[in-house]
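Q: My structure is stored as data.csv, with CSV, C-alpha atoms.
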chain,number,residue,atom,x,y,z
A,1,MET,CA,117.0,5.5,-2.0
A,2,THR,CA,115.2,8.7,-1.3
A,3,THR,CA,115.4,11.8,-3.5
A,4,ARG,CA,113.3,14.7,-4.6
A,5,VAL,CA,111.2,15.1,-7.7
A,6,ASP,CA,113.2,18.1,-8.7
A,7,ALA,CA,116.4,16.1,-8.6
A,8,VAL,CA,115.0,13.3,-10.7
A,9,VAL,CA,113.4,15.6,-13.3
A,10,ASN,CA,116.6,17.7,-13.6
A,11,TRP,CA,118.7,14.5,-13.9
A,12,ALA,CA,116.5,13.3,-16.8
A,13,ARG,CA,116.3,16.7,-18.5
A,14,SER,CA,120.0,17.4,-18.3
A,15,ASN,CA,121.1,14.1,-19.7
A,16,SER,CA,118.7,14.1,-22.7
A,17,LEU,CA,119.0,17.6,-24.1
A,18,MET,CA,117.9,17.7,-27.7
A,19,PRO,CA,119.7,20.5,-29.5
A,20,MET,CA,118.0,22.6,-32.2
A,21,PRO,CA,121.0,23.2,-34.6
A,22,MET,CA,120.4,26.8,-35.8
A,23,GLY,CA,123.4,26.6,-38.1
A,24,LEU,CA,123.9,29.9,-39.8
A,25,ALA,CA,127.6,30.1,-40.8
A,26,CYS,CA,130.9,28.4,-40.3
A,27,CYS,CA,130.2,27.7,-36.6
A,28,ALA,CA,127.8,25.1,-37.9
A,29,ILE,CA,130.7,23.1,-39.2
A,30,GLU,CA,132.2,22.9,-35.7
A,31,MET,CA,128.8,22.0,-34.4
A,32,MET,CA,128.8,19.1,-36.7
A,33,ALA,CA,132.1,18.0,-35.4
A,34,PHE,CA,130.7,18.4,-31.9
A,35,ALA,CA,128.0,15.9,-32.8
A,36,ALA,CA,130.2,13.6,-34.8
A,37,PRO,CA,131.9,10.4,-33.4
A,38,LYS,CA,135.3,12.0,-32.6
A,39,TYR,CA,134.0,14.4,-30.0
A,40,ASP,CA,130.8,12.3,-29.5
A,41,VAL,CA,128.3,14.4,-27.8
A,42,ALA,CA,126.3,11.2,-27.3
A,43,ARG,CA,128.3,10.8,-24.1
A,44,PHE,CA,126.3,13.7,-22.8
A,45,GLY,CA,123.0,12.5,-24.2
A,46,SER,CA,122.7,15.3,-26.8
A,47,GLU,CA,123.4,13.4,-29.9
A,48,ALA,CA,119.8,13.7,-31.2
A,49,MET,CA,119.8,16.9,-33.2
A,50,ARG,CA,116.1,17.8,-33.8
A,51,PHE,CA,115.4,20.0,-36.7
A,52,SER,CA,111.8,20.5,-35.5
A,53,PRO,CA,111.5,23.1,-32.8
A,54,ARG,CA,108.7,21.1,-31.2
A,55,GLN,CA,111.1,18.3,-30.4
A,56,ALA,CA,114.0,20.4,-29.3
A,57,ASP,CA,114.8,22.1,-26.0
A,58,LEU,CA,118.3,23.6,-26.6
A,59,MET,CA,118.9,26.1,-29.3
A,60,ILE,CA,122.5,26.5,-30.5
A,61,VAL,CA,122.7,29.7,-32.5
A,62,ALA,CA,125.8,28.9,-34.5
A,63,GLY,CA,126.9,31.8,-36.7
A,64,TRP,CA,126.1,35.4,-37.5
A,65,VAL,CA,122.5,36.5,-37.3
A,66,SER,CA,121.3,38.9,-40.0
A,67,TYR,CA,118.3,41.2,-39.3
A,68,LYS,CA,116.3,39.2,-41.8
A,69,MET,CA,117.1,35.9,-40.2
A,70,ALA,CA,116.5,37.2,-36.7
A,71,HIS,CA,112.7,37.0,-37.1
A,72,THR,CA,112.9,33.4,-38.2
A,73,ILE,CA,115.1,32.5,-35.3
A,74,ARG,CA,112.8,34.2,-32.9
A,75,ARG,CA,109.8,32.3,-34.4
A,76,VAL,CA,111.6,29.0,-34.1
A,77,TRP,CA,112.5,29.9,-30.5
A,78,ASP,CA,108.9,30.7,-29.7
A,79,GLN,CA,107.8,27.4,-31.2
A,80,MET,CA,110.1,25.4,-28.9
A,81,ALA,CA,108.3,24.0,-25.9
A,82,ASP,CA,109.3,25.0,-22.4
A,83,PRO,CA,111.6,24.3,-20.7
A,84,LYS,CA,114.2,25.5,-23.2
A,85,TRP,CA,117.7,26.8,-23.2
A,86,CYS,CA,119.9,28.8,-25.6
A,87,ILE,CA,123.6,28.8,-26.5
A,88,ALA,CA,125.1,31.6,-28.4
A,89,MET,CA,128.0,29.9,-30.2
A,90,GLY,CA,130.9,31.9,-31.4
A,91,ALA,CA,131.8,35.6,-31.5
A,92,CYS,CA,129.2,36.5,-34.1
A,93,ALA,CA,126.2,35.1,-32.3
A,94,SER,CA,127.4,36.5,-29.0
A,95,SER,CA,128.4,40.0,-30.1
A,96,GLY,CA,128.2,40.4,-33.8
A,97,GLY,CA,131.9,39.6,-34.0
A,98,MET,CA,133.8,40.9,-36.9
A,99,HIS,CA,130.5,41.7,-38.7
A,100,ARG,CA,130.2,45.2,-37.3
A,101,CYS,CA,127.9,46.4,-40.0
A,102,TYR,CA,124.3,47.4,-40.9
A,103,GLY,CA,123.0,44.0,-41.8
A,104,VAL,CA,124.1,41.8,-38.8
A,105,VAL,CA,122.5,41.9,-35.4
A,106,GLN,CA,125.2,42.7,-32.9
A,107,GLY,CA,124.6,39.7,-30.7
A,108,CYS,CA,121.6,37.4,-30.7
A,109,ASP,CA,120.9,38.3,-27.0
A,110,ASN,CA,119.2,41.4,-28.5
A,111,PHE,CA,116.2,39.2,-29.0
A,112,LEU,CA,116.8,35.9,-27.4
A,113,PRO,CA,117.4,34.9,-23.7
A,114,VAL,CA,120.8,33.4,-24.0
A,115,ASP,CA,122.0,31.1,-21.2
A,116,VAL,CA,125.6,30.4,-22.3
A,117,TYR,CA,128.0,32.3,-24.6
A,118,ILE,CA,130.9,30.6,-26.3
A,119,PRO,CA,133.8,32.7,-27.4
A,120,GLY,CA,135.9,31.8,-30.4
A,121,CYS,CA,135.8,32.2,-34.1
A,122,PRO,CA,134.7,29.4,-34.5
A,123,PRO,CA,134.9,27.7,-31.1
A,124,ARG,CA,136.5,24.3,-30.9
A,125,PRO,CA,134.1,21.4,-30.4
A,126,GLU,CA,135.5,21.0,-26.9
A,127,ALA,CA,134.2,24.5,-26.1
A,128,VAL,CA,130.8,23.6,-27.3
A,129,ILE,CA,130.8,20.5,-25.1
A,130,HIS,CA,131.9,22.7,-22.2
A,131,ALA,CA,128.9,25.0,-22.9
A,132,LEU,CA,126.7,22.0,-23.0
A,133,MET,CA,128.0,20.8,-19.6
A,134,ASP,CA,127.4,24.3,-18.3
A,135,ILE,CA,123.8,24.1,-19.5
A,136,GLN,CA,123.6,20.7,-17.8
A,137,GLU,CA,124.9,22.1,-14.6
A,138,LYS,CA,122.4,24.9,-14.8
A,139,ILE,CA,119.5,22.5,-15.3
A,140,ARG,CA,120.6,20.4,-12.3
A,141,ASN,CA,120.3,23.4,-10.1
A,142,GLU,CA,116.9,24.6,-11.4
A,143,TYR,CA,113.7,24.3,-9.5
A,144,SER,CA,111.7,22.3,-12.0
A,145,VAL,CA,108.6,21.4,-9.9
A,146,ALA,CA,109.0,23.0,-6.4
A,147,GLN,CA,109.4,26.5,-7.8
A,148,ASP,CA,107.5,26.6,-11.1
A,149,GLY,CA,107.9,30.1,-12.4
A,150,GLU,CA,104.9,32.1,-13.5
A,151,PHE,CA,104.9,35.4,-15.3
A,152,GLY,CA,104.6,38.5,-13.1
A,153,LYS,CA,105.0,36.7,-9.8
A,154,GLU,CA,108.0,36.8,-7.6
A,155,VAL,CA,110.1,33.7,-7.5
A,156,ARG,CA,110.1,32.1,-4.1
A,157,LYS,CA,113.4,31.4,-2.5
A,158,ILE,CA,113.8,27.8,-1.3
A,159,THR,CA,116.6,25.4,-0.7
A,160,PRO,CA,118.7,24.4,-3.7
A,161,ALA,CA,117.2,22.0,-6.1
A,162,ARG,CA,120.4,20.0,-6.2
A,163,PRO,CA,120.7,17.6,-3.3
A,164,THR,CA,123.8,17.8,-1.2
A,165,ILE,CA,126.3,15.2,-2.1
A,166,VAL,CA,128.4,14.1,0.8
A,167,THR,CA,131.7,12.3,0.4
A,168,PRO,CA,132.5,9.3,2.6
A,169,THR,CA,134.6,11.5,4.8
A,170,GLY,CA,131.6,13.8,5.4
A,171,GLU,CA,132.6,16.8,3.2
A,172,ASP,CA,130.7,18.5,0.4
A,173,ALA,CA,131.5,16.9,-2.9
A,174,ILE,CA,130.5,20.1,-4.8
A,175,SER,CA,131.2,23.5,-3.5
A,176,PRO,CA,127.9,25.4,-3.2
A,177,SER,CA,129.6,28.7,-4.3
A,178,GLY,CA,130.2,27.2,-7.7
A,179,LEU,CA,126.6,26.3,-8.3
A,180,TYR,CA,124.1,28.2,-10.3
A,181,THR,CA,121.7,30.0,-8.1
A,182,GLN,CA,118.5,31.6,-9.2
B,1,MET,CA,160.4,57.1,-25.7
B,2,ALA,CA,163.7,58.7,-25.9
B,3,ASP,CA,163.3,61.1,-28.9
B,4,THR,CA,159.8,62.4,-29.1
B,5,ASN,CA,160.5,65.0,-31.8
B,6,LYS,CA,161.5,62.3,-34.2
B,7,SER,CA,158.4,60.3,-33.7
B,8,LYS,CA,156.1,63.4,-34.2
B,9,ALA,CA,157.3,64.1,-37.7
B,10,PRO,CA,158.6,61.1,-39.6
B,11,SER,CA,160.2,61.9,-42.9
B,12,THR,CA,159.1,58.7,-44.4
B,13,LEU,CA,156.5,56.1,-43.5
B,14,PRO,CA,158.1,53.5,-41.2
B,15,PHE,CA,157.0,50.7,-43.4
B,16,SER,CA,159.1,48.7,-45.8
B,17,PHE,CA,156.5,49.1,-48.5
B,18,VAL,CA,155.4,52.5,-49.7
B,19,PRO,CA,152.7,52.3,-52.4
B,20,GLN,CA,153.6,54.1,-55.6
B,21,GLU,CA,151.8,54.4,-58.9
B,22,PRO,CA,153.9,52.5,-61.4
B,23,GLU,CA,154.8,54.7,-64.4
B,24,THR,CA,154.5,52.1,-67.0
B,25,ALA,CA,152.1,49.6,-65.7
B,26,VAL,CA,151.8,47.5,-68.8
B,27,GLU,CA,155.4,46.5,-69.1
B,28,ASN,CA,156.3,46.3,-65.4
B,29,ASN,CA,153.4,44.5,-63.9
B,30,PRO,CA,154.6,40.9,-63.5
B,31,HIS,CA,151.1,39.7,-62.7
B,32,ALA,CA,149.5,41.0,-65.9
B,33,LYS,CA,148.2,38.3,-68.1
B,34,ALA,CA,148.1,38.4,-71.8
B,35,THR,CA,144.4,37.6,-71.5
B,36,THR,CA,143.6,41.1,-70.1
B,37,GLN,CA,145.4,43.0,-72.9
B,38,VAL,CA,142.8,43.3,-75.5
B,39,ALA,CA,143.9,46.2,-77.6
B,40,ASP,CA,142.3,44.8,-80.8
B,41,VAL,CA,138.9,44.6,-79.1
B,42,VAL,CA,139.3,48.2,-77.9
B,43,GLU,CA,140.2,49.3,-81.4
B,44,ALA,CA,137.1,47.5,-82.7
B,45,LEU,CA,134.9,49.2,-80.1
B,46,LYS,CA,136.3,52.6,-81.1
B,47,ALA,CA,135.7,52.0,-84.7
B,48,SER,CA,132.2,50.9,-84.2
B,49,PHE,CA,131.0,53.3,-81.5
B,50,GLY,CA,133.2,56.4,-81.9
B,51,ASP,CA,132.2,59.0,-79.5
B,52,ALA,CA,130.3,56.6,-77.3
B,53,VAL,CA,133.7,55.3,-76.1
B,54,HIS,CA,134.5,58.0,-73.5
B,55,GLU,CA,137.8,56.7,-72.0
B,56,VAL,CA,140.1,53.8,-72.3
B,57,VAL,CA,142.1,53.1,-69.1
B,58,VAL,CA,145.0,50.7,-68.9
B,59,TYR,CA,145.9,49.9,-65.3
B,60,ALA,CA,148.0,47.0,-64.2
B,61,GLY,CA,147.9,45.6,-67.7
B,62,GLU,CA,144.1,45.5,-67.8
B,63,HIS,CA,141.9,47.3,-70.2
B,64,THR,CA,138.9,49.2,-69.0
B,65,VAL,CA,136.6,50.9,-71.5
B,66,ARG,CA,134.2,53.5,-70.3
B,67,VAL,CA,131.3,53.9,-72.6
B,68,ASP,CA,128.2,56.0,-72.8
B,69,ARG,CA,125.5,55.1,-70.4
B,70,THR,CA,122.7,55.0,-73.0
B,71,ARG,CA,124.6,52.7,-75.4
B,72,ILE,CA,125.6,49.9,-73.0
B,73,VAL,CA,123.2,47.4,-74.5
B,74,GLU,CA,124.6,48.0,-78.0
B,75,VAL,CA,128.2,47.7,-76.7
B,76,CYS,CA,127.4,44.4,-75.0
B,77,THR,CA,125.5,43.1,-78.0
B,78,PHE,CA,128.5,44.0,-80.2
B,79,LEU,CA,131.0,42.4,-77.8
B,80,LYS,CA,128.9,39.2,-77.5
B,81,THR,CA,128.1,38.6,-81.1
B,82,GLU,CA,131.0,40.2,-83.0
B,83,GLN,CA,133.9,39.7,-80.5
B,84,GLY,CA,132.8,36.5,-78.8
B,85,PHE,CA,132.6,37.7,-75.2
B,86,ASN,CA,130.1,35.1,-74.2
B,87,TYR,CA,130.4,35.2,-70.4
B,88,LEU,CA,129.5,37.9,-68.0
B,89,ALA,CA,131.7,37.1,-65.0
B,90,ASP,CA,130.6,40.0,-62.8
B,91,ALA,CA,128.7,43.2,-62.8
B,92,GLY,CA,128.2,45.8,-60.1
B,93,GLY,CA,128.4,49.3,-59.0
B,94,LEU,CA,130.6,51.7,-57.0
B,95,ASP,CA,130.2,55.1,-55.4
B,96,ARG,CA,132.9,57.5,-56.3
B,97,PHE,CA,131.4,60.2,-54.1
B,98,THR,CA,132.1,63.0,-56.6
B,99,GLU,CA,129.9,66.0,-57.6
B,100,ASP,CA,129.3,64.9,-61.1
B,101,ASP,CA,128.9,61.3,-62.4
B,102,ARG,CA,128.9,60.0,-58.9
B,103,TYR,CA,128.2,56.3,-59.5
B,104,GLU,CA,129.9,53.8,-61.8
B,105,VAL,CA,128.6,50.5,-63.1
B,106,PHE,CA,131.0,47.9,-64.3
B,107,TYR,CA,130.7,44.7,-66.4
B,108,ASN,CA,133.5,42.1,-66.5
B,109,LEU,CA,133.2,40.2,-69.7
B,110,VAL,CA,135.1,37.1,-70.7
B,111,ASN,CA,135.7,35.5,-74.1
B,112,ILE,CA,136.0,31.9,-73.1
B,113,THR,CA,137.1,30.6,-76.5
B,114,ASP,CA,140.0,33.1,-77.0
B,115,MET,CA,140.7,33.6,-73.3
B,116,LYS,CA,140.2,37.3,-73.3
B,117,ARG,CA,138.9,39.6,-70.6
B,118,ILE,CA,137.6,43.1,-70.8
B,119,ARG,CA,136.0,45.5,-68.3
B,120,ILE,CA,133.3,47.8,-69.5
B,121,SER,CA,132.2,50.6,-67.2
B,122,LEU,CA,129.8,53.5,-67.4
B,123,ARG,CA,129.1,56.5,-65.1
B,124,VAL,CA,125.7,57.5,-63.7
B,125,ASP,CA,124.9,61.0,-62.4
B,126,GLU,CA,122.8,61.5,-59.3
B,127,ASP,CA,120.2,63.3,-61.4
B,128,GLY,CA,119.5,60.4,-63.7
B,129,MET,CA,119.9,57.2,-61.7
B,130,SER,CA,118.9,54.7,-64.4
B,131,VAL,CA,120.9,52.5,-66.7
B,132,PRO,CA,119.5,50.3,-69.5
B,133,THR,CA,119.5,46.6,-68.4
B,134,VAL,CA,121.8,44.1,-70.2
B,135,THR,CA,119.7,41.1,-69.1
B,136,ASP,CA,118.5,40.7,-72.7
B,137,VAL,CA,122.1,40.2,-73.8
B,138,TYR,CA,123.5,38.5,-70.7
B,139,PRO,CA,120.8,36.8,-68.6
B,140,ALA,CA,123.5,36.3,-65.9
B,141,ALA,CA,123.3,40.1,-65.2
B,142,ASN,CA,119.9,39.6,-63.6
B,143,TRP,CA,121.0,39.2,-60.0
B,144,ASN,CA,124.0,41.5,-60.3
B,145,GLU,CA,121.8,44.3,-61.4
B,146,ARG,CA,119.4,43.6,-58.6
B,147,GLU,CA,122.3,43.7,-56.1
B,148,CYS,CA,123.5,47.0,-57.6
B,149,PHE,CA,120.0,48.4,-57.3
B,150,ASP,CA,119.8,47.2,-53.7
B,151,MET,CA,123.1,48.7,-52.7
B,152,PHE,CA,123.2,51.9,-54.6
B,153,GLY,CA,119.7,52.6,-55.8
B,154,ILE,CA,120.6,52.6,-59.5
B,155,SER,CA,117.5,51.4,-61.4
B,156,PHE,CA,117.9,49.3,-64.5
B,157,ASP,CA,115.4,50.1,-67.2
B,158,GLY,CA,113.8,47.0,-68.6
B,159,HIS,CA,114.9,44.6,-65.9
B,160,PRO,CA,112.5,41.7,-65.6
B,161,ASP,CA,112.4,41.6,-61.8
B,162,LEU,CA,114.0,44.6,-60.2
B,163,ARG,CA,113.6,43.9,-56.5
B,164,ARG,CA,116.0,44.3,-53.6
B,165,MET,CA,118.5,41.4,-53.6
B,166,PHE,CA,119.7,41.3,-49.9
B,167,MET,CA,118.0,43.9,-47.8
B,168,PRO,CA,114.3,43.6,-46.8
B,169,GLU,CA,112.0,44.9,-49.5
B,170,ASP,CA,110.6,47.7,-47.3
B,171,PHE,CA,114.1,49.0,-46.4
B,172,GLU,CA,114.3,52.7,-47.3
B,173,TYR,CA,118.1,53.2,-47.7
B,174,TYR,CA,120.9,52.1,-50.0
B,175,PRO,CA,123.6,50.7,-47.7
B,176,LEU,CA,126.7,50.9,-49.9
B,177,ARG,CA,126.4,54.6,-50.6
B,178,LYS,CA,129.2,56.5,-48.9
B,179,GLU,CA,126.9,58.6,-46.7
B,180,PHE,CA,125.2,55.5,-45.2
B,181,PRO,CA,126.4,54.9,-41.6
B,182,LEU,CA,128.4,51.8,-41.1
B,183,LEU,CA,126.1,50.4,-38.4
B,184,GLY,CA,122.9,51.4,-40.2
B,185,VAL,CA,120.1,53.7,-39.4
B,186,PRO,CA,118.6,52.9,-36.0
B,187,GLY,CA,115.1,51.6,-36.3
B,188,SER,CA,115.2,51.0,-40.0
B,189,LEU,CA,115.6,47.3,-39.6
B,190,PRO,CA,113.3,46.1,-36.7
B,191,LEU,CA,114.3,43.2,-34.5
B,192,PRO,CA,111.8,40.5,-33.6
B,193,PRO,CA,109.6,41.0,-30.5
B,194,GLN,CA,111.2,40.2,-27.1
B,195,VAL,CA,108.2,38.1,-26.1
B,196,PRO,CA,105.9,35.9,-28.3
B,197,THR,CA,103.0,38.4,-28.1
B,198,GLY,CA,105.2,41.6,-28.2
B,199,GLU,CA,105.8,44.2,-30.8
B,200,LEU,CA,108.8,44.6,-33.1
B,201,THR,CA,111.8,46.3,-31.4
B,202,GLY,CA,112.8,49.5,-33.1
B,203,ASP,CA,116.0,49.9,-31.1
B,204,PRO,CA,118.7,47.9,-32.9
B,205,PHE,CA,120.8,47.5,-29.8
B,206,PRO,CA,118.5,46.9,-26.9
B,207,ALA,CA,121.0,44.8,-25.0
B,208,ALA,CA,123.6,47.6,-25.2
B,209,HIS,CA,121.1,50.0,-23.8
B,210,GLY,CA,120.4,47.9,-20.7
B,211,HIS,CA,117.5,45.9,-21.9
B,212,LYS,CA,117.6,42.2,-21.2
B,213,PRO,CA,115.1,39.7,-22.8
B,214,PRO,CA,113.0,38.1,-20.1
B,215,LYS,CA,113.8,34.5,-19.4
B,216,SER,CA,111.7,31.9,-21.1
B,217,PHE,CA,109.7,31.1,-18.0
B,218,GLN,CA,109.1,34.8,-17.4
B,219,GLU,CA,107.6,35.4,-20.8
B,220,VAL,CA,103.9,36.1,-21.1
B,221,LYS,CA,101.7,33.2,-22.1
B,222,SER,CA,100.5,32.9,-25.7
B,223,GLU,CA,96.9,33.7,-26.7
B,224,GLU,CA,95.8,30.1,-26.6
B,225,GLU,CA,97.0,29.7,-23.0
B,226,ASN,CA,95.4,32.9,-21.9
B,227,GLY,CA,92.1,31.6,-23.3
How does this structure look as structure tokens?
A:
Amino acid sequence: MTTRVDAVVNWARSNSLMPMPMGLACCAIEMMAFAAPKYDVARFGSEAMRFSPRQADLMIVAGWVSYKMAHTIRRVWDQMADPKWCIAMGACASSGGMHRCYGVVQGCDNFLPVDVYIPGCPPRPEAVIHALMDIQEKIRNEYSVAQDGEFGKEVRKITPARPTIVTPTGEDAISPSGLYTQ
Amino acid sequence: MADTNKSKAPSTLPFSFVPQEPETAVENNPHAKATTQVADVVEALKASFGDAVHEVVVYAGEHTVRVDRTRIVEVCTFLKTEQGFNYLADAGGLDRFTEDDRYEVFYNLVNITDMKRIRISLRVDEDGMSVPTVTDVYPAANWNERECFDMFGISFDGHPDLRRMFMPEDFEYYPLRKEFPLLGVPGSLPLPPQVPTGELTGDPFPAAHGHKPPKSFQEVKSEEENG
């Protein structure tokens, strides 16, 4: 069996994501269901919720973000080690939702680099699992080693990190147009 | 639409329910409880305080007594010791947005033993934004008065710990005043920096104005990494 370092690293990273549960409101209840046995996120390797940012690599912002809390969230995000990803869970974290008022940040993407947004108020646990699978798909197409990013430098274009999967009949198993490209 | 003139000037509201002020609220309100009709307490207040009782309002079967601002502590002490109102359920403020006596502060008191409820209110003018605190009588009023101070800027004289309740302590405005904009004053509440070593963001909606936070691998390195 031959493969590339990127493919192996991405496979390991995507199947062992450790979420940082930033539970701020009622979305956190659905996030608990997402981790509980019925929906069983252990199938995707993300059952280990880490309340320490040093041990987490996926922040799930679940709930509305007040201006006071935004500074704490940003600090926790900065304490997380690279590589790290972020999910804005629910309408409030994505856009402020129904809290269109002076005290709530109108979307946590005003201060965080969000990878996946989940609509819903609150979203079903299936939607959270879908977002997690989107993150996994994104990780599997990243250039972990071959194209290590550096601040201020242009990102080199190289062949996709994900190896081509060929079916026994010789066709592409995954359409390249549906893949995440950098 | 077939008949446009009709839709322009409706004679009545097209709703099945048109709100109307009931003429005799006390008798006709089916939701009024006997616990909120405390005429004997109101009479006792009038007898003890006389002119300090400015107004007695009965709405929806509930008694509201408006008293003088300077004598609220005496009124609360009287109600607690003489009338047995031993529980302060709620206290807060409201902005009536009028020329005189703009703000109002209310206290919902409960007599748990006799199952009675009464609402005491007082009015505050913009020129003298201070009310004597009732925390010496009802310690539960502590956080309620802090919230009222936070939201309306009414200061409570003698309060043991009059700080803002919800907003940051360096916030300069009072959000529940009528003139305060719904989405806040831009720049008054800074967002965290976009990169670890950056400065606070004064624009409250950078994403709406086209700014996107850099991806994590694009962020500048921390000071330790830079050496």
Q: A:Ala70, A:Val104, A:Ala93, A:Met49: which is nearest B:Leu200, counting all atoms listed in the file?
A: A:Ala70
Q: At what distance in Å, to one decimal, does atom CA of B:Val124 lie from atom CA of B:Gln83?
A: 25.8 Å
Q: Looking at all atoms listed in the file, which of A:Asn141, A:Ala36, A:Val41, A:Ser66 is the one that sits closest to A:Ala7?
A: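 The shortest atom-to-atom distance to A:Ala7 comes from A:Asn141.
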Q: In Å, how far is it from atom CA of A:His99 to atom CA of A:Trp64?
A: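 Atom CA of A:His99 sits 7.8 Å away from atom CA of A:Trp64.
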Q: Please provide as an MDAnalysis selection string all residues within 10 Å of stretch 201-214 of chain B, with the sequence filter that same-chain residues fewer than 3 positions apart are discarded (counting only C-alpha atoms).
A: (chainID A and resid 67 102 105:114 151) or (chainID B and resid 183:195 198 217:220)
Q: Report as JSON the centre and the edge lengths, in Å to one decimal, of the axis-aligned box holding every listed atom of stretch 134-143 of chain B, padded by 5 Å on each side.
A:
{"center_x": 121.0, "center_y": 40.2, "center_z": -66.9, "size_x": 15.0, "size_y": 17.8, "size_z": 23.8}
Q: Would you list the contacts of B:Glu169 as number ranges by chain, taking every protein, DNA or RNA residue within 12 Å and counting all atoms listed in the file, but skipping same-chain residues closer than 6 positions in sequence?
A: A: 68; B: 146, 149-150, 162-163, 188-189
Q: At a cut-off of 12 Å from (134.1, 45.9, -63.0) in the coordinates of the file, what residues are picked up using all atoms listed in the file, written as JSON, numbers by chain?
A: {"B": [62, 63, 64, 65, 66, 88, 89, 90, 91, 92, 93, 94, 104, 105, 106, 107, 108, 109, 110, 117, 118, 119, 120, 121, 122, 123, 144, 148]}
Q: Measure the distance from atom CA of A:Ala91 to atom CA of A:Gly120 in Å and round it to one decimal.
A: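 Atom CA of A:Gly120 lies 5.7 Å from atom CA of A:Ala91.
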Q: For B:Met115, work out the shell of residues within 9 Å, counting all atoms listed in the file and skipping chain neighbours fewer than 3 positions away, then give it as a ChimeraX atom specification.
A: /B:34-36,110-112
Q: Find the residue from A:Lys138, A:Arg100, A:Lys38, A:Arg43 that sits nearest to A:Lys84; use all atoms listed in the file when measuring.
A: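 Ranking A:Lys138, A:Arg100, A:Lys38, A:Arg43 by distance to A:Lys84, first place goes to A:Lys138.
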Q: Fewer than 6 positions away in the same chain doesn't count, so skip those; otherwise give me all residues within 9 Å of B:Thr70, counting only C-alpha atoms, as a PyMOL selection string.
A: chain B and resi 52+131-132
Q: List the residues sitting within 12 Å of (132.6, 16.5, -32.9) in the file's frame, using all atoms listed in the file, as a list in words.
A: Ala28, Ile29, Glu30, Met31, Met32, Ala33, Phe34, Ala35, Ala36, Pro37, Lys38, Tyr39, Asp40, Val41, Ala42, Arg43, Ser46, Glu47, Pro123, Arg124, Pro125, Glu126, Ala127, Val128 and Ile129 of chain A
Q: Neighbours of B:Gly84 within 9 Å (only C-alpha atoms; same-chain residues fewer than 3 positions away dropped), as a list of chain:residue names?
A: B:Phe78, B:Leu79, B:Lys80, B:Thr81, B:Tyr87, B:Val110, B:Asn111, B:Ile112, B:Thr113, B:Asp114
Q: Hey, could you patch up stretch 113-124 of chain A with N, CA and C atoms and hand it over as a compact mmCIF listing (two decimals), in the coordinates of the input?
A:
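The result, stored in part24.txt:
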# COMPACT_ATOMS: atom_id res chain seq x y z
N PRO A 113 116.77 35.09 -25.05
CA PRO A 113 117.40 34.90 -23.70
C PRO A 113 118.47 33.86 -23.77
N VAL A 114 119.70 34.32 -23.83
CA VAL A 114 120.80 33.40 -24.00
C VAL A 114 121.29 32.93 -22.61
N ASP A 115 121.56 31.64 -22.50
CA ASP A 115 122.00 31.10 -21.20
C ASP A 115 123.56 31.01 -21.19
N VAL A 116 124.18 30.54 -22.28
CA VAL A 116 125.60 30.40 -22.30
C VAL A 116 126.19 30.98 -23.56
N TYR A 117 127.26 31.76 -23.41
CA TYR A 117 128.00 32.30 -24.60
C TYR A 117 129.28 31.55 -24.73
N ILE A 118 129.62 31.24 -25.98
CA ILE A 118 130.90 30.60 -26.30
C ILE A 118 131.76 31.56 -27.04
N PRO A 119 132.94 31.90 -26.55
CA PRO A 119 133.80 32.70 -27.40
C PRO A 119 134.54 31.84 -28.40
N GLY A 120 135.14 32.50 -29.39
CA GLY A 120 135.90 31.80 -30.40
C GLY A 120 135.35 32.05 -31.79
N CYS A 121 136.20 31.83 -32.77
CA CYS A 121 135.80 32.20 -34.10
C CYS A 121 136.42 31.17 -35.12
N PRO A 122 135.80 30.00 -35.32
CA PRO A 122 134.70 29.40 -34.50
C PRO A 122 135.29 28.72 -33.29
N PRO A 123 134.46 28.42 -32.30
CA PRO A 123 134.90 27.70 -31.10
C PRO A 123 135.30 26.27 -31.46
N ARG A 124 136.22 25.72 -30.70
CA ARG A 124 136.50 24.30 -30.90
C ARG A 124 135.33 23.47 -30.38
